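S.K.: My structure is stored as work-v1.csv, with CSV, C-alpha atoms and all ligand atoms.
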chain,number,residue,atom,x,y,z
L,250,MET,CA,0.8,-27.4,40.1
L,251,ARG,CA,2.1,-23.9,40.4
L,252,THR,CA,5.5,-24.9,39.2
L,253,ARG,CA,4.1,-26.9,36.4
L,254,THR,CA,1.9,-24.0,35.2
L,255,ARG,CA,4.9,-21.7,35.3
L,256,LEU,CA,7.0,-24.1,33.3
L,257,LEU,CA,4.3,-24.4,30.7
L,258,ALA,CA,4.1,-20.7,30.5
L,259,SER,CA,7.8,-20.2,30.0
L,260,THR,CA,7.8,-23.0,27.4
L,261,ALA,CA,5.1,-21.1,25.5
L,262,VAL,CA,7.1,-17.9,25.7
L,263,ALA,CA,10.2,-19.7,24.5
L,264,ILE,CA,8.4,-21.0,21.5
L,265,LEU,CA,7.0,-17.6,20.7
L,266,VAL,CA,10.5,-16.1,20.8
L,267,VAL,CA,12.0,-18.8,18.6
L,268,THR,CA,9.1,-18.4,16.1
L,269,ALA,CA,9.7,-14.6,16.0
L,270,LEU,CA,13.4,-15.0,15.5
L,271,ALA,CA,12.8,-17.5,12.7
L,272,ASN,CA,10.6,-15.1,10.9
L,273,PRO,CA,12.2,-11.7,10.9
L,274,ALA,CA,9.6,-9.3,9.5
L,275,SER,CA,12.0,-7.3,7.4
L,276,ALA,CA,13.9,-10.1,5.7
L,277,SER,CA,11.5,-10.8,2.9
L,278,PRO,CA,8.3,-9.5,1.4
L,279,SER,CA,5.4,-9.9,3.8
L,280,LEU,CA,2.8,-12.4,2.7
L,281,ARG,CA,0.4,-11.6,5.5
L,282,ASP,CA,-1.4,-8.6,4.1
L,283,PRO,CA,-5.1,-9.1,4.1
L,284,SER,CA,-7.2,-9.3,0.9
L,285,LEU,CA,-10.3,-8.0,2.6
L,286,ALA,CA,-11.3,-4.4,2.0
L,287,SER,CA,-14.2,-2.2,2.9
L,288,PHE,CA,-16.2,-0.9,-0.1
L,289,GLN,CA,-19.6,0.8,0.0
L,290,GLY,CA,-20.5,-0.5,3.4
L,291,ARG,CA,-19.5,-4.1,2.8
L,292,THR,CA,-16.4,-6.2,2.8
L,293,ILE,CA,-14.9,-7.5,-0.4
L,294,ASP,CA,-12.1,-9.9,-1.2
L,295,LEU,CA,-9.8,-8.0,-3.6
L,296,SER,CA,-7.9,-11.2,-4.5
L,297,LYS,CA,-11.1,-12.4,-6.1
L,298,SER,CA,-12.7,-9.2,-7.5
L,299,TRP,CA,-12.7,-5.5,-7.0
L,300,GLN,CA,-16.5,-5.5,-7.6
L,301,GLY,CA,-16.5,-2.2,-9.4
L,302,ALA,CA,-14.0,-0.4,-7.1
L,303,GLN,CA,-11.5,1.8,-8.9
L,304,VAL,CA,-9.3,2.9,-6.1
L,305,CYS,CA,-8.1,1.0,-3.1
L,306,ALA,CA,-5.9,2.3,-0.3
L,307,VAL,CA,-3.8,0.2,2.0
L,308,LEU,CA,-3.9,2.1,5.3
L,309,SER,CA,-2.3,-0.6,7.4
L,310,ARG,CA,-1.8,-4.4,7.5
L,311,SER,CA,-5.4,-4.8,8.6
L,312,GLU,CA,-7.2,-1.9,6.9
L,313,VAL,CA,-7.8,-1.5,3.2
L,314,ARG,CA,-10.5,0.9,1.9
L,315,CYS,CA,-11.9,1.0,-1.6
L,316,TYR,CA,-13.8,3.6,-3.6
L,317,ALA,CA,-15.8,3.8,-6.8
L,318,THR,CA,-14.1,7.1,-7.9
L,319,ASN,CA,-10.9,9.0,-7.3
L,320,GLU,CA,-12.9,11.9,-5.9
L,321,GLN,CA,-14.4,9.7,-3.2
L,322,ALA,CA,-10.9,8.4,-2.2
L,323,THR,CA,-9.5,11.9,-2.1
L,324,ALA,CA,-12.4,13.2,0.0
L,325,ASP,CA,-11.8,10.4,2.6
L,326,LEU,CA,-8.0,10.0,2.6
L,327,ALA,CA,-6.1,12.9,1.3
L,328,PRO,CA,-4.5,15.2,3.9
L,329,ARG,CA,-5.8,18.7,3.6
L,330,ILE,CA,-2.9,21.2,3.5
L,331,SER,CA,-3.0,24.6,5.0
L,332,SER,CA,-0.4,27.3,5.3
L,333,THR,CA,0.3,26.2,8.8
L,334,GLY,CA,0.8,22.5,8.0
L,335,THR,CA,-0.9,19.3,7.2
L,336,THR,CA,-4.0,17.9,8.8
L,337,ARG,CA,-6.4,15.0,8.3
L,338,SER,CA,-9.4,17.2,8.9
L,339,ALA,CA,-11.2,18.9,6.0
L,340,GLY,CA,-9.6,22.2,4.9
L,341,PRO,CA,-9.9,24.7,2.2
L,342,ILE,CA,-6.6,24.5,0.3
L,343,GLY,CA,-6.5,21.2,-1.5
L,344,THR,CA,-4.5,18.0,-1.6
L,345,PHE,CA,-1.7,18.7,-4.2
L,346,ALA,CA,-2.6,15.6,-6.1
L,347,TRP,CA,-0.1,14.6,-8.8
L,348,ASN,CA,-1.1,12.4,-11.7
L,349,GLY,CA,-4.2,11.7,-9.7
L,350,CYS,CA,-2.2,10.5,-6.7
L,351,ASP,CA,-2.8,12.4,-3.5
L,352,ASN,CA,-0.1,13.9,-1.4
L,353,SER,CA,1.4,11.5,1.1
L,354,TRP,CA,0.8,8.4,-1.1
L,355,ILE,CA,2.6,6.2,-3.6
L,356,CYS,CA,0.2,5.0,-6.3
L,357,ILE,CA,0.3,2.3,-8.9
L,358,TRP,CA,-2.2,1.8,-11.8
L,359,GLU,CA,-3.1,-1.2,-13.9
L,360,HIS,CA,-2.6,0.8,-17.2
L,361,ALA,CA,0.0,3.1,-18.5
L,362,SER,CA,-0.4,6.9,-18.1
L,363,PHE,CA,-2.0,6.6,-14.7
L,364,GLN,CA,-5.2,4.9,-15.9
L,365,GLY,CA,-7.4,2.1,-14.8
L,366,ARG,CA,-7.6,0.7,-11.3
L,367,LYS,CA,-5.4,2.3,-8.7
L,368,LEU,CA,-3.8,1.0,-5.5
L,369,GLN,CA,-2.1,3.3,-3.1
L,370,PHE,CA,0.3,2.8,-0.2
L,371,ASN,CA,2.7,4.5,2.1
L,372,ASP,CA,3.7,2.0,4.7
L,373,GLU,CA,7.4,1.0,5.0
L,374,TYR,CA,7.1,-2.8,4.5
L,375,TRP,CA,6.7,-5.2,1.6
L,376,HIS,CA,3.2,-5.7,0.3
L,377,ASP,CA,2.2,-8.7,-1.7
L,378,LEU,CA,0.3,-7.4,-4.7
L,379,ASP,CA,-1.4,-10.8,-5.3
L,380,GLU,CA,-3.4,-10.1,-2.1
L,381,TRP,CA,-5.3,-7.4,-4.0
L,382,GLY,CA,-5.5,-9.0,-7.4
L,383,PHE,CA,-2.7,-6.8,-8.7
L,384,LYS,CA,0.1,-9.2,-9.4
L,385,ASP,CA,1.7,-8.6,-12.8
L,386,GLN,CA,-0.6,-5.7,-13.6
L,387,THR,CA,1.3,-2.5,-12.7
L,388,SER,CA,1.8,-0.3,-15.7
L,389,SER,CA,2.5,3.1,-14.2
L,390,TRP,CA,3.2,4.7,-10.9
L,391,THR,CA,3.6,8.0,-9.0
L,392,ASN,CA,5.4,8.6,-5.7
L,393,ASN,CA,3.7,11.7,-4.2
L,394,GLN,CA,4.9,11.1,-0.7
L,395,GLY,CA,6.1,14.5,0.5
L,396,GLY,CA,4.0,17.1,-1.2
L,397,SER,CA,4.1,20.6,0.2
L,398,TRP,CA,3.5,24.2,-0.5
L,399,THR,CA,6.8,24.4,-2.4
L,400,GLY,CA,6.0,21.2,-4.4
L,401,CYS,CA,7.0,17.7,-3.7
L,402,SER,CA,10.0,17.6,-1.5
L,403,GLY,CA,9.9,14.2,0.0
L,404,SER,CA,12.7,11.7,0.7
L,405,ASP,CA,10.5,8.6,1.0
L,406,ASN,CA,11.3,6.3,-1.8
L,407,GLY,CA,9.4,3.2,-2.8
L,408,THR,CA,10.3,0.0,-4.5
L,409,LEU,CA,8.7,-2.5,-6.9
L,410,GLY,CA,9.8,-6.1,-6.9
L,411,ASP,CA,9.2,-8.8,-9.5
L,412,GLY,CA,9.6,-11.7,-7.0
L,413,ALA,CA,12.8,-12.8,-8.7
L,414,GLY,CA,15.2,-10.2,-7.4
L,415,ASP,CA,14.7,-7.5,-10.0
L,416,ASN,CA,13.6,-4.4,-8.1
L,417,ARG,CA,12.9,-1.0,-9.4
L,418,ASN,CA,13.2,2.2,-7.4
L,419,MET,CA,10.4,4.7,-7.2
L,420,GLY,CA,12.2,7.8,-6.1
L,421,ALA,CA,10.5,10.3,-4.0
L,422,CYS,CA,8.7,12.9,-6.1
L,423,THR,CA,9.1,10.9,-9.3
L,424,ALA,CA,6.6,9.1,-11.6
L,425,SER,CA,6.6,6.8,-14.5
L,426,ALA,CA,3.8,6.7,-17.1
L,427,ASN,CA,5.1,3.6,-18.8
L,428,LEU,CA,7.2,0.9,-17.3
L,429,GLY,CA,8.7,-0.4,-20.6
L,430,SER,CA,10.2,-3.9,-20.1
L,431,TYR,CA,9.0,-3.9,-16.5
L,432,ASN,CA,5.4,-3.6,-17.5
L,433,ASP,CA,3.0,-6.1,-15.8
L,434,ARG,CA,5.9,-7.6,-13.8
L,435,ALA,CA,5.6,-6.2,-10.3
L,436,GLU,CA,4.6,-8.7,-7.6
L,437,HIS,CA,5.6,-6.7,-4.5
L,438,ILE,CA,5.7,-3.1,-3.5
L,439,HIS,CA,7.4,-1.3,-0.6
L,440,GLY,CA,5.9,2.1,0.3
I,1,CA,CA,6.3,5.5,2.9
I,2,CA,CA,-1.1,-3.4,-16.8
I,3,CA,CA,9.6,4.3,1.6
Could you quickly redo this structure as structure tokens?
M.R.:
Amino acid sequence: MRTRTRLLASTAVAILVVTALANPASASPSLRDPSLASFQGRTIDLSKSWQGAQVCAVLSRSEVRCYATNEQATADLAPRISSTGTTRSAGPIGTFAWNGCDNSWICIWEHASFQGRKLQFNDEYWHDLDEWGFKDQTSSWTNNQGGSWTGCSGSDNGTLGDGAGDNRNMGACTASANLGSYNDRAEHIHG
């Protein structure tokens, strides 16, 4: 029995390894991001409706938080910056928001000129915008990853993808108020 148990266990491990090798996480846009988000004390499914939320932030693969106003999002998420550095705790200096996008985040909006519903990211993997009801909606963006006392000095680029191989770079410390021919075409984003 003992040998058999061990065999079964090693077979399971082998299957897991093969599965992992067959699905390299970085090879293509991840389709595993959850649609569920916390909003005003309840859980909502963003792929169905934002239910009045105006700002949603993707904190990780398993945590998305939504807010009714930009001010509420900033109060909860923006790093407070002091002369000695950056901290998550409350502080007196401010957040160095740019176009309404807080420092350390890359933001996309449903309308041009940084208007309408906003989604914000900073993780280094591909997100599927359809998970959050944002496929083919992006009309403006701001990459404010890297704000500091001396202005934005980041080196963390982002990318928009249309699902057909046409990607657009969102360089660190740059923004676009109008996407032109790329308007309402993004299906994926990399933070
Ligand atoms: Ca990032
Ligand atoms: Ca739009
Ligand atoms: Ca990046």
S.K.: Extract, using all atoms listed in the file, all DNA, RNA and protein residues at most 9 Å from Ser404 of chain L, discarding same-chain residues fewer than 2 positions from it, and format them as a PyMOL selection string.
M.R.: chain L and resi 394-395+402+406+420-422
S.K.: May I have the residues within 8 Å of Ala306 of chain L as a ChimeraX atom specification, using all atoms listed in the file and disregarding those fewer than 6 positions away in the same chain?
M.R.: /L:313-315,368-370
S.K.: In Å, how far is it from atom CA of Ile293 of chain L to atom CA of Leu378 of chain L?
M.R.: 15.8 Å
S.K.: Hey, which of L:Asp385, L:Gly414, L:Gly440, L:Cys305 ends up closest to Ser353 of chain L? Count all atoms listed in the file.
M.R.: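 When distances to Ser353 of chain L are compared using all atoms listed in the file, the smallest one comes from L:Gly440.
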S.K.: Which of these, L:His360, L:Lys297, L:Arg291, L:Lys367, has the shortest distance to ligand CA 2 (chain I) once you count only C-alpha atoms and all ligand atoms?
M.R.: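 Looking only at the distances to ligand CA 2 (chain I), the closest residue turns out to be L:His360.
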S.K.: What residues of the protein or nucleic acid chains come within 6 Å of ligand CA 1 (chain I) when you use all atoms listed in the file? Reply as JSON, numbers by chain.
M.R.: {"L": [371, 372, 373, 405, 440]}
S.K.: Which residues come within 6 Å of Gly410 of chain L, counting all atoms listed in the file, excluding same-chain residues fewer than 4 positions away, as a short mmCIF file (atom, residue, chain, number, x, y, z; two decimals) with C-alpha atoms, in the coordinates of the input?
M.R.:
data_model
loop_
_atom_site.label_atom_id
_atom_site.label_comp_id
_atom_site.auth_asym_id
_atom_site.auth_seq_id
_atom_site.Cartn_x
_atom_site.Cartn_y
_atom_site.Cartn_z
CA ASP L 415 14.70 -7.50 -10.00
CA ASN L 416 13.60 -4.40 -8.10
CA ALA L 435 5.60 -6.20 -10.30
CA GLU L 436 4.60 -8.70 -7.60
CA HIS L 437 5.60 -6.70 -4.50
#
S.K.: How would you write, as a list in words, the set of residues no farther than 10 Å from ligand CA 2 (chain I) when counting all atoms listed in the file?
M.R.: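 Protein and nucleic-acid residues within 10 Å of ligand CA 2 (chain I): Ile357, Trp358, Glu359, His360, Ala361, Gln364, Gly365, Arg366, Phe383, Lys384, Asp385, Gln386, Thr387, Ser388, Ser389, Asn427, Leu428, Asn432, Asp433, Arg434 and Ala435 of chain L.
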S.K.: Which is closest to Thr323 of chain L among L:Ala413, L:Leu285, L:Ile438, L:Val304, if we use only C-alpha atoms?
M.R.: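 Nearest candidate to Thr323 of chain L out of L:Ala413, L:Leu285, L:Ile438, L:Val304: L:Val304.
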S.K.: Can you measure atom CA of Leu409 of chain L to atom CA of Trp375 of chain L for me? One decimal in Å is fine.
M.R.: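 Computing it gives 9.1 Å between the two atoms.
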S.K.: Using only C-alpha atoms, which of the listed residues (L:His439, L:Met419, L:Glu380, L:Asn392) sits closest to Leu295 of chain L?
M.R.: L:Glu380
S.K.: Interatomic distance between atom CA of Gly400 of chain L and atom CA of Tyr374 of chain L?
M.R.: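 Taking atom CA of Gly400 of chain L as the start and atom CA of Tyr374 of chain L as the end point, the length is 25.6 Å.
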S.K.: Which residue gives the smallest distance to Ser296 of chain L among L:Pro283, L:Gly382, L:Gly412, L:Gly429, with all atoms listed in the file counted?
M.R.: L:Gly382
S.K.: Pick the closest to ligand CA 3 (chain I) from L:Ala426, L:Ala324, L:Ile355, L:Leu308: which is it, counting all atoms listed in the file?
M.R.: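 Selected residue with least distance to ligand CA 3 (chain I): L:Ile355.
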